[in-house]
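Okay, data-v1.cif now, which holds mmCIF, N, CA and C atoms:
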data_query
loop_
_atom_site.label_atom_id
_atom_site.label_comp_id
_atom_site.auth_asym_id
_atom_site.auth_seq_id
_atom_site.Cartn_x
_atom_site.Cartn_y
_atom_site.Cartn_z
N MET A 1376 -15.02 -19.27 -11.95
CA MET A 1376 -13.77 -19.52 -12.64
C MET A 1376 -12.75 -18.45 -12.26
N HIS A 1377 -13.07 -17.21 -12.47
CA HIS A 1377 -12.14 -16.14 -12.13
C HIS A 1377 -12.91 -15.05 -11.43
N ARG A 1378 -12.24 -14.29 -10.65
CA ARG A 1378 -12.87 -13.19 -9.93
C ARG A 1378 -12.08 -11.92 -10.19
N PRO A 1379 -12.76 -10.89 -10.67
CA PRO A 1379 -12.06 -9.62 -10.86
C PRO A 1379 -11.74 -8.99 -9.52
N CYS A 1380 -10.71 -8.20 -9.50
CA CYS A 1380 -10.38 -7.47 -8.29
C CYS A 1380 -10.26 -5.99 -8.66
N PRO A 1381 -10.54 -5.12 -7.71
CA PRO A 1381 -10.45 -3.69 -8.01
C PRO A 1381 -9.02 -3.30 -8.37
N TRP A 1382 -8.88 -2.58 -9.43
CA TRP A 1382 -7.58 -2.11 -9.85
C TRP A 1382 -7.82 -0.81 -10.59
N THR A 1383 -7.17 0.23 -10.17
CA THR A 1383 -7.44 1.52 -10.77
C THR A 1383 -6.83 1.67 -12.14
N TRP A 1384 -5.68 1.01 -12.36
CA TRP A 1384 -5.02 1.14 -13.66
C TRP A 1384 -4.03 0.00 -13.83
N LEU A 1385 -4.06 -0.60 -14.99
CA LEU A 1385 -3.12 -1.65 -15.31
C LEU A 1385 -2.58 -1.37 -16.70
N PRO A 1386 -1.28 -1.27 -16.86
CA PRO A 1386 -0.72 -0.94 -18.17
C PRO A 1386 -1.11 -1.98 -19.23
N ARG A 1387 -1.37 -1.52 -20.43
CA ARG A 1387 -1.73 -2.41 -21.53
C ARG A 1387 -0.68 -3.50 -21.73
N SER A 1388 0.58 -3.17 -21.47
CA SER A 1388 1.66 -4.15 -21.64
C SER A 1388 1.50 -5.34 -20.69
N SER A 1389 0.68 -5.20 -19.65
CA SER A 1389 0.46 -6.29 -18.70
C SER A 1389 -0.64 -7.24 -19.15
N ALA A 1390 -1.31 -6.93 -20.24
CA ALA A 1390 -2.46 -7.72 -20.67
C ALA A 1390 -2.11 -9.17 -20.96
N ARG A 1391 -0.87 -9.45 -21.31
CA ARG A 1391 -0.46 -10.82 -21.61
C ARG A 1391 0.42 -11.42 -20.53
N ALA A 1392 0.54 -10.72 -19.42
CA ALA A 1392 1.41 -11.18 -18.34
C ALA A 1392 0.90 -12.49 -17.74
N LYS A 1393 1.83 -13.34 -17.39
CA LYS A 1393 1.55 -14.58 -16.68
C LYS A 1393 2.53 -14.64 -15.52
N VAL A 1394 2.09 -14.13 -14.39
CA VAL A 1394 2.98 -14.04 -13.24
C VAL A 1394 2.32 -14.66 -12.01
N VAL A 1395 3.14 -15.17 -11.13
CA VAL A 1395 2.68 -15.76 -9.87
C VAL A 1395 3.60 -15.26 -8.76
N ALA A 1396 3.00 -14.90 -7.63
CA ALA A 1396 3.78 -14.43 -6.50
C ALA A 1396 4.57 -15.57 -5.87
N SER A 1397 5.72 -15.24 -5.33
CA SER A 1397 6.51 -16.22 -4.57
C SER A 1397 7.14 -15.53 -3.38
N CYS A 1398 7.41 -16.31 -2.36
CA CYS A 1398 8.03 -15.77 -1.15
C CYS A 1398 8.85 -16.87 -0.52
N GLY A 1399 10.10 -16.57 -0.24
CA GLY A 1399 10.97 -17.57 0.38
C GLY A 1399 11.17 -18.80 -0.49
N GLY A 1400 11.15 -18.62 -1.81
CA GLY A 1400 11.35 -19.73 -2.72
C GLY A 1400 10.12 -20.60 -2.94
N ARG A 1401 8.99 -20.18 -2.38
CA ARG A 1401 7.75 -20.96 -2.53
C ARG A 1401 6.70 -20.15 -3.29
N ARG A 1402 6.16 -20.76 -4.34
CA ARG A 1402 5.11 -20.09 -5.12
C ARG A 1402 3.84 -19.98 -4.30
N GLN A 1403 3.14 -18.88 -4.50
CA GLN A 1403 1.85 -18.64 -3.87
C GLN A 1403 0.82 -18.61 -5.00
N PRO A 1404 0.36 -19.76 -5.48
CA PRO A 1404 -0.39 -19.85 -6.72
C PRO A 1404 -1.74 -19.13 -6.76
N VAL A 1405 -2.33 -18.85 -5.61
CA VAL A 1405 -3.61 -18.13 -5.68
C VAL A 1405 -3.41 -16.64 -5.85
N PHE A 1406 -2.16 -16.18 -5.77
CA PHE A 1406 -1.84 -14.78 -6.03
C PHE A 1406 -1.13 -14.70 -7.37
N CYS A 1407 -1.91 -14.54 -8.42
CA CYS A 1407 -1.33 -14.53 -9.76
C CYS A 1407 -2.09 -13.56 -10.66
N LEU A 1408 -1.45 -13.23 -11.75
CA LEU A 1408 -2.04 -12.37 -12.78
C LEU A 1408 -1.93 -13.14 -14.09
N LEU A 1409 -3.09 -13.42 -14.70
CA LEU A 1409 -3.12 -14.19 -15.94
C LEU A 1409 -4.03 -13.50 -16.94
N PRO A 1410 -3.72 -13.62 -18.22
CA PRO A 1410 -4.61 -13.03 -19.23
C PRO A 1410 -5.92 -13.82 -19.34
N ALA A 1411 -6.99 -13.11 -19.62
CA ALA A 1411 -8.30 -13.75 -19.76
C ALA A 1411 -8.29 -14.79 -20.87
N SER A 1412 -7.38 -14.68 -21.81
CA SER A 1412 -7.31 -15.64 -22.92
C SER A 1412 -6.99 -17.05 -22.45
N LEU A 1413 -6.52 -17.21 -21.21
CA LEU A 1413 -6.20 -18.53 -20.67
C LEU A 1413 -7.40 -19.19 -19.99
N GLU A 1414 -8.53 -18.50 -19.95
CA GLU A 1414 -9.69 -19.04 -19.24
C GLU A 1414 -10.13 -20.40 -19.78
N SER A 1415 -10.19 -20.56 -21.11
CA SER A 1415 -10.63 -21.85 -21.66
C SER A 1415 -9.61 -22.95 -21.37
N GLN A 1416 -8.32 -22.62 -21.40
CA GLN A 1416 -7.29 -23.61 -21.08
C GLN A 1416 -7.39 -24.03 -19.62
N LEU A 1417 -7.66 -23.08 -18.74
CA LEU A 1417 -7.83 -23.40 -17.33
C LEU A 1417 -9.06 -24.27 -17.13
N ALA A 1418 -10.15 -23.94 -17.82
CA ALA A 1418 -11.38 -24.74 -17.71
C ALA A 1418 -11.13 -26.18 -18.17
N GLU A 1419 -10.40 -26.33 -19.26
CA GLU A 1419 -10.08 -27.68 -19.77
C GLU A 1419 -9.20 -28.44 -18.78
N THR A 1420 -8.26 -27.73 -18.18
CA THR A 1420 -7.37 -28.36 -17.20
C THR A 1420 -8.18 -28.86 -16.01
N LEU A 1421 -9.08 -28.03 -15.51
CA LEU A 1421 -9.92 -28.42 -14.38
C LEU A 1421 -10.86 -29.56 -14.75
N ALA A 1422 -11.45 -29.49 -15.95
CA ALA A 1422 -12.35 -30.55 -16.42
C ALA A 1422 -11.61 -31.87 -16.56
N GLY A 1423 -10.31 -31.79 -16.83
CA GLY A 1423 -9.49 -33.00 -16.95
C GLY A 1423 -9.09 -33.59 -15.61
N GLY A 1424 -9.47 -32.93 -14.52
CA GLY A 1424 -9.21 -33.47 -13.19
C GLY A 1424 -8.06 -32.84 -12.43
N GLU A 1425 -7.29 -31.96 -13.08
CA GLU A 1425 -6.17 -31.31 -12.39
C GLU A 1425 -6.72 -30.29 -11.39
N ARG A 1426 -6.25 -30.34 -10.16
CA ARG A 1426 -6.72 -29.42 -9.13
C ARG A 1426 -5.59 -28.61 -8.50
N ARG A 1427 -4.38 -28.81 -8.98
CA ARG A 1427 -3.23 -28.11 -8.40
C ARG A 1427 -2.91 -26.87 -9.24
N PRO A 1428 -3.14 -25.68 -8.69
CA PRO A 1428 -2.83 -24.46 -9.43
C PRO A 1428 -1.38 -24.40 -9.89
N ARG A 1429 -0.48 -24.95 -9.08
CA ARG A 1429 0.94 -24.91 -9.44
C ARG A 1429 1.20 -25.58 -10.78
N GLU A 1430 0.51 -26.68 -11.03
CA GLU A 1430 0.72 -27.40 -12.29
C GLU A 1430 0.24 -26.58 -13.48
N PHE A 1431 -0.90 -25.93 -13.34
CA PHE A 1431 -1.40 -25.09 -14.43
C PHE A 1431 -0.44 -23.93 -14.68
N LEU A 1432 0.00 -23.28 -13.62
CA LEU A 1432 0.91 -22.14 -13.76
C LEU A 1432 2.23 -22.57 -14.39
N ARG A 1433 2.69 -23.75 -14.08
CA ARG A 1433 3.91 -24.29 -14.70
C ARG A 1433 3.68 -24.54 -16.19
N ALA A 1434 2.50 -25.08 -16.52
CA ALA A 1434 2.20 -25.40 -17.92
C ALA A 1434 2.10 -24.16 -18.81
N VAL A 1435 1.68 -23.03 -18.23
CA VAL A 1435 1.56 -21.79 -19.03
C VAL A 1435 2.79 -20.91 -18.91
N ASP A 1436 3.83 -21.44 -18.26
CA ASP A 1436 5.10 -20.71 -18.09
C ASP A 1436 4.95 -19.39 -17.34
N ALA A 1437 4.17 -19.42 -16.27
CA ALA A 1437 4.05 -18.22 -15.44
C ALA A 1437 5.39 -17.90 -14.79
N VAL A 1438 5.71 -16.64 -14.73
CA VAL A 1438 6.98 -16.17 -14.17
C VAL A 1438 6.77 -15.80 -12.70
N GLU A 1439 7.70 -16.22 -11.86
CA GLU A 1439 7.61 -15.88 -10.44
C GLU A 1439 8.01 -14.43 -10.19
N VAL A 1440 7.24 -13.77 -9.34
CA VAL A 1440 7.56 -12.42 -8.89
C VAL A 1440 7.78 -12.51 -7.38
N PRO A 1441 9.01 -12.32 -6.93
CA PRO A 1441 9.30 -12.50 -5.50
C PRO A 1441 8.79 -11.35 -4.63
N PHE A 1442 8.30 -11.72 -3.46
CA PHE A 1442 7.89 -10.78 -2.43
C PHE A 1442 8.73 -11.09 -1.20
N ASP A 1443 9.19 -10.05 -0.52
CA ASP A 1443 10.06 -10.24 0.64
C ASP A 1443 9.32 -10.47 1.95
N ASP A 1444 8.08 -9.98 2.04
CA ASP A 1444 7.35 -10.02 3.31
C ASP A 1444 6.40 -11.22 3.35
N ALA A 1445 6.78 -12.25 4.08
CA ALA A 1445 5.97 -13.47 4.17
C ALA A 1445 4.61 -13.21 4.81
N ARG A 1446 4.49 -12.14 5.57
CA ARG A 1446 3.19 -11.82 6.20
C ARG A 1446 2.11 -11.59 5.15
N ALA A 1447 2.51 -11.21 3.95
CA ALA A 1447 1.52 -10.96 2.89
C ALA A 1447 0.77 -12.23 2.53
N PHE A 1448 1.31 -13.40 2.86
CA PHE A 1448 0.70 -14.67 2.50
C PHE A 1448 0.26 -15.49 3.72
N ALA A 1449 0.27 -14.86 4.88
CA ALA A 1449 -0.13 -15.57 6.09
C ALA A 1449 -1.63 -15.86 6.06
N ASN A 1450 -2.02 -16.99 6.57
CA ASN A 1450 -3.43 -17.36 6.65
C ASN A 1450 -4.01 -16.70 7.91
N ILE A 1451 -4.63 -15.56 7.74
CA ILE A 1451 -5.15 -14.83 8.90
C ILE A 1451 -6.40 -15.48 9.46
N ASN A 1452 -6.91 -16.51 8.79
CA ASN A 1452 -8.07 -17.23 9.30
C ASN A 1452 -7.68 -18.39 10.21
N ALA A 1453 -6.40 -18.64 10.35
CA ALA A 1453 -5.92 -19.77 11.15
C ALA A 1453 -5.70 -19.32 12.59
N ARG A 1454 -6.78 -19.30 13.36
CA ARG A 1454 -6.70 -18.87 14.76
C ARG A 1454 -5.69 -19.71 15.54
N GLU A 1455 -5.66 -21.02 15.25
CA GLU A 1455 -4.74 -21.90 15.97
C GLU A 1455 -3.28 -21.54 15.71
N ALA A 1456 -3.02 -20.85 14.63
CA ALA A 1456 -1.65 -20.42 14.31
C ALA A 1456 -1.30 -19.13 15.05
N GLY A 1457 -2.29 -18.55 15.72
CA GLY A 1457 -2.04 -17.33 16.48
C GLY A 1457 -1.81 -16.12 15.59
N LEU A 1458 -2.32 -16.14 14.39
CA LEU A 1458 -2.11 -15.02 13.48
C LEU A 1458 -3.18 -13.97 13.69
N LEU A 1459 -2.75 -12.75 13.76
CA LEU A 1459 -3.68 -11.63 13.98
C LEU A 1459 -3.38 -10.53 13.00
N ILE A 1460 -4.39 -9.77 12.68
CA ILE A 1460 -4.18 -8.56 11.88
C ILE A 1460 -3.99 -7.42 12.88
N ALA A 1461 -2.90 -6.73 12.76
CA ALA A 1461 -2.60 -5.66 13.69
C ALA A 1461 -2.05 -4.46 12.95
N ASP A 1462 -2.38 -3.28 13.45
CA ASP A 1462 -1.79 -2.07 12.88
C ASP A 1462 -0.34 -1.98 13.33
N GLU A 1463 0.48 -1.55 12.43
CA GLU A 1463 1.90 -1.40 12.78
C GLU A 1463 2.22 0.04 13.01
#
Rewrite the coordinates I just gave you, this time as C-alpha cells.
Amino acid sequence: MHRPCPWTWLPRSSARAKVVASCGGRRQPVFCLLPASLESQLAETLAGGERRPREFLRAVDAVEVPFDDARAFANINAREAGLLIADE
C-alpha cells in the first residue's frame, strides 16, 4: 500500500500535508506526501476499482508543489528514450 522512504527530519506541521509534485503544469502523482490517516480511504478507493492516482489526489484536495527541473521526473529506465544518468 505505502512505502516509507528515508527522511532525517520532517516538521510536525507536515503531518497533515497532502501535496503532489508537478512540473510543466503536469502532476507527477507517484511523487506525493500524504498523511497515514488517508491509508484506509486509499484502500477503499483501490478496492472500488479506481487505479488512477490523479483521481485520488484530486478527491483528497492534494496541493500541487511545482518543480522546475523536468529531469527529476524522467524515466531513467526507458533506454529507447536515450535517457542516461550522468554526473554534471
Those of region 1380-1454 of chain A in DSSP strand (DSSP E), formatted as a VMD selection string: chain A and resid 1394 to 1398 1401 to 1408 1438 to 1441
Output check: residues returned by the PyMOL selection byres ((chain A and resi 1411-1417) around 8), as a list in words: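 Matching residues under the PyMOL selection byres ((chain A and resi 1411-1417) around 8) are Met1376, His1377, Ala1390, Arg1391, Ala1392, Leu1408, Leu1409, Pro1410, Ala1418, Glu1419, Thr1420, Leu1421, Ala1422, Gly1423 and Phe1431 of chain A.
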Atom C of Ser1397 (chain A) to atom C of Glu1425 (chain A), distance in Å rounded to a single decimal: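 Spanning atom C of Ser1397 (chain A) to atom C of Glu1425 (chain A) is a straight-line distance of 21.8 Å.
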Spatial sel., origin (5.0, -11.4, -5.3), limit 6 Å, all atoms listed in the file, listed as a list of chain:residue names: A:Val1395, A:Ala1396, A:Ser1397, A:Val1440, A:Pro1441, A:Phe1442
Selected residues written out, N, CA and C atoms, as a PDB file, in the frame of the given file:
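What ended up in again37.pdb:
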ATOM      1  N   VAL A1395       3.140 -15.170 -11.130  1.00  0.00           N
ATOM      2  CA  VAL A1395       2.680 -15.760  -9.870  1.00  0.00           C
ATOM      3  C   VAL A1395       3.600 -15.260  -8.760  1.00  0.00           C
ATOM      4  N   ALA A1396       3.000 -14.900  -7.630  1.00  0.00           N
ATOM      5  CA  ALA A1396       3.780 -14.430  -6.500  1.00  0.00           C
ATOM      6  C   ALA A1396       4.570 -15.570  -5.870  1.00  0.00           C
ATOM      7  N   SER A1397       5.720 -15.240  -5.330  1.00  0.00           N
ATOM      8  CA  SER A1397       6.510 -16.220  -4.570  1.00  0.00           C
ATOM      9  C   SER A1397       7.140 -15.530  -3.380  1.00  0.00           C
ATOM     10  N   VAL A1440       7.240 -13.770  -9.340  1.00  0.00           N
ATOM     11  CA  VAL A1440       7.560 -12.420  -8.890  1.00  0.00           C
ATOM     12  C   VAL A1440       7.780 -12.510  -7.380  1.00  0.00           C
ATOM     13  N   PRO A1441       9.010 -12.320  -6.930  1.00  0.00           N
ATOM     14  CA  PRO A1441       9.300 -12.500  -5.500  1.00  0.00           C
ATOM     15  C   PRO A1441       8.790 -11.350  -4.630  1.00  0.00           C
ATOM     16  N   PHE A1442       8.300 -11.720  -3.460  1.00  0.00           N
ATOM     17  CA  PHE A1442       7.890 -10.780  -2.430  1.00  0.00           C
ATOM     18  C   PHE A1442       8.730 -11.090  -1.200  1.00  0.00           C
TER      19      PHE A1442
END
Between atom C of Val1394 (chain A) and atom C of Glu1439 (chain A) - distance in Å to one decimal: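 Between these atoms lies a distance of 6.0 Å.
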Expected answer as a list of chain:residue names: all residues with atoms within 10 Å of (12.1, -18.6, -0.4), only C-alpha atoms: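 The residues that fall inside the cut-off are A:Ser1397, A:Cys1398, A:Gly1399, A:Gly1400, A:Arg1401, A:Arg1402, A:Pro1441, A:Phe1442, A:Asp1443, A:Ala1445.
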Every residue of region 1405-1453 of chain A that DSSP places in helix (DSSP H, G or I), as a PyMOL selection string: chain A and resi 1411-1422+1428-1434+1445-1448
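The interatomic distance for the pair atom C of Lys1393 (chain A) and atom C of Asn1450 (chain A) works out to 24.4 Å.
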9 Å contact set for Leu1432 (chain A), only C-alpha atoms, chain neighbours under 2 positions out, as a list of chain:residue names: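 In the requested form, the answer reads A:Lys1393, A:Val1394, A:Val1395, A:Pro1404, A:Cys1407, A:Pro1428, A:Arg1429, A:Glu1430, A:Ala1434, A:Val1435, A:Asp1436, A:Ala1437, A:Val1438.
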Export, as a short mmCIF file (atom, residue, chain, number, x, y, z; two decimals), keeping the file's coordinate frame, the selected residues with N, CA and C atoms.
data_model
loop_
_atom_site.label_atom_id
_atom_site.label_comp_id
_atom_site.auth_asym_id
_atom_site.auth_seq_id
_atom_site.Cartn_x
_atom_site.Cartn_y
_atom_site.Cartn_z
N LYS A 1393 1.83 -13.34 -17.39
CA LYS A 1393 1.55 -14.58 -16.68
C LYS A 1393 2.53 -14.64 -15.52
N VAL A 1394 2.09 -14.13 -14.39
CA VAL A 1394 2.98 -14.04 -13.24
C VAL A 1394 2.32 -14.66 -12.01
N VAL A 1395 3.14 -15.17 -11.13
CA VAL A 1395 2.68 -15.76 -9.87
C VAL A 1395 3.60 -15.26 -8.76
N PRO A 1404 0.36 -19.76 -5.48
CA PRO A 1404 -0.39 -19.85 -6.72
C PRO A 1404 -1.74 -19.13 -6.76
N CYS A 1407 -1.91 -14.54 -8.42
CA CYS A 1407 -1.33 -14.53 -9.76
C CYS A 1407 -2.09 -13.56 -10.66
N PRO A 1428 -3.14 -25.68 -8.69
CA PRO A 1428 -2.83 -24.46 -9.43
C PRO A 1428 -1.38 -24.40 -9.89
N ARG A 1429 -0.48 -24.95 -9.08
CA ARG A 1429 0.94 -24.91 -9.44
C ARG A 1429 1.20 -25.58 -10.78
N GLU A 1430 0.51 -26.68 -11.03
CA GLU A 1430 0.72 -27.40 -12.29
C GLU A 1430 0.24 -26.58 -13.48
N ALA A 1434 2.50 -25.08 -16.52
CA ALA A 1434 2.20 -25.40 -17.92
C ALA A 1434 2.10 -24.16 -18.81
N VAL A 1435 1.68 -23.03 -18.23
CA VAL A 1435 1.56 -21.79 -19.03
C VAL A 1435 2.79 -20.91 -18.91
N ASP A 1436 3.83 -21.44 -18.26
CA ASP A 1436 5.10 -20.71 -18.09
C ASP A 1436 4.95 -19.39 -17.34
N ALA A 1437 4.17 -19.42 -16.27
CA ALA A 1437 4.05 -18.22 -15.44
C ALA A 1437 5.39 -17.90 -14.79
N VAL A 1438 5.71 -16.64 -14.73
CA VAL A 1438 6.98 -16.17 -14.17
C VAL A 1438 6.77 -15.80 -12.70
#
Slice of the block: region 1404-1448 of chain A, C-alpha atoms, as an mmCIF file, in the first residue's frame:
data_model
loop_
_atom_site.group_PDB
_atom_site.id
_atom_site.type_symbol
_atom_site.label_atom_id
_atom_site.label_comp_id
_atom_site.auth_asym_id
_atom_site.auth_seq_id
_atom_site.Cartn_x
_atom_site.Cartn_y
_atom_site.Cartn_z
ATOM 1 C CA PRO A 1404 1.197 11.585 -8.852
ATOM 2 C CA VAL A 1405 3.703 8.990 -7.685
ATOM 3 C CA PHE A 1406 5.723 11.787 -6.069
ATOM 4 C CA CYS A 1407 3.475 12.863 -3.232
ATOM 5 C CA LEU A 1408 3.323 13.312 0.520
ATOM 6 C CA LEU A 1409 0.144 12.148 2.239
ATOM 7 C CA PRO A 1410 -0.801 11.593 5.872
ATOM 8 C CA ALA A 1411 -1.049 7.980 7.013
ATOM 9 C CA SER A 1412 -4.634 8.723 8.051
ATOM 10 C CA LEU A 1413 -5.605 8.507 4.353
ATOM 11 C CA GLU A 1414 -4.491 4.883 4.055
ATOM 12 C CA SER A 1415 -7.980 3.419 4.601
ATOM 13 C CA GLN A 1416 -9.526 5.900 2.130
ATOM 14 C CA LEU A 1417 -6.908 4.942 -0.448
ATOM 15 C CA ALA A 1418 -7.557 1.238 0.177
ATOM 16 C CA GLU A 1419 -11.302 1.784 -0.311
ATOM 17 C CA THR A 1420 -10.660 3.736 -3.498
ATOM 18 C CA LEU A 1421 -8.497 0.946 -4.900
ATOM 19 C CA ALA A 1422 -10.980 -1.737 -3.790
ATOM 20 C CA GLY A 1423 -13.660 0.209 -5.653
ATOM 21 C CA GLY A 1424 -11.690 -0.197 -8.884
ATOM 22 C CA GLU A 1425 -10.071 3.232 -9.219
ATOM 23 C CA ARG A 1426 -6.492 2.888 -10.471
ATOM 24 C CA ARG A 1427 -5.629 6.473 -11.362
ATOM 25 C CA PRO A 1428 -3.585 8.180 -8.633
ATOM 26 C CA ARG A 1429 -4.573 11.564 -10.054
ATOM 27 C CA GLU A 1430 -8.218 10.935 -9.215
ATOM 28 C CA PHE A 1431 -7.460 10.004 -5.619
ATOM 29 C CA LEU A 1432 -5.199 13.034 -5.172
ATOM 30 C CA ARG A 1433 -7.923 15.266 -6.603
ATOM 31 C CA ALA A 1434 -10.508 13.747 -4.239
ATOM 32 C CA VAL A 1435 -8.362 14.480 -1.152
ATOM 33 C CA ASP A 1436 -7.555 18.015 -2.355
ATOM 34 C CA ALA A 1437 -3.817 17.477 -2.646
ATOM 35 C CA VAL A 1438 -1.959 20.706 -3.364
ATOM 36 C CA GLU A 1439 0.497 20.877 -6.250
ATOM 37 C CA VAL A 1440 4.108 21.737 -5.454
ATOM 38 C CA PRO A 1441 5.886 22.873 -8.631
ATOM 39 C CA PHE A 1442 9.365 21.691 -9.567
ATOM 40 C CA ASP A 1443 11.335 23.467 -12.279
ATOM 41 C CA ASP A 1444 13.644 20.639 -13.355
ATOM 42 C CA ALA A 1445 11.807 18.101 -15.535
ATOM 43 C CA ARG A 1446 14.805 15.761 -15.293
ATOM 44 C CA ALA A 1447 13.661 14.939 -11.766
ATOM 45 C CA PHE A 1448 10.746 13.013 -13.305
#
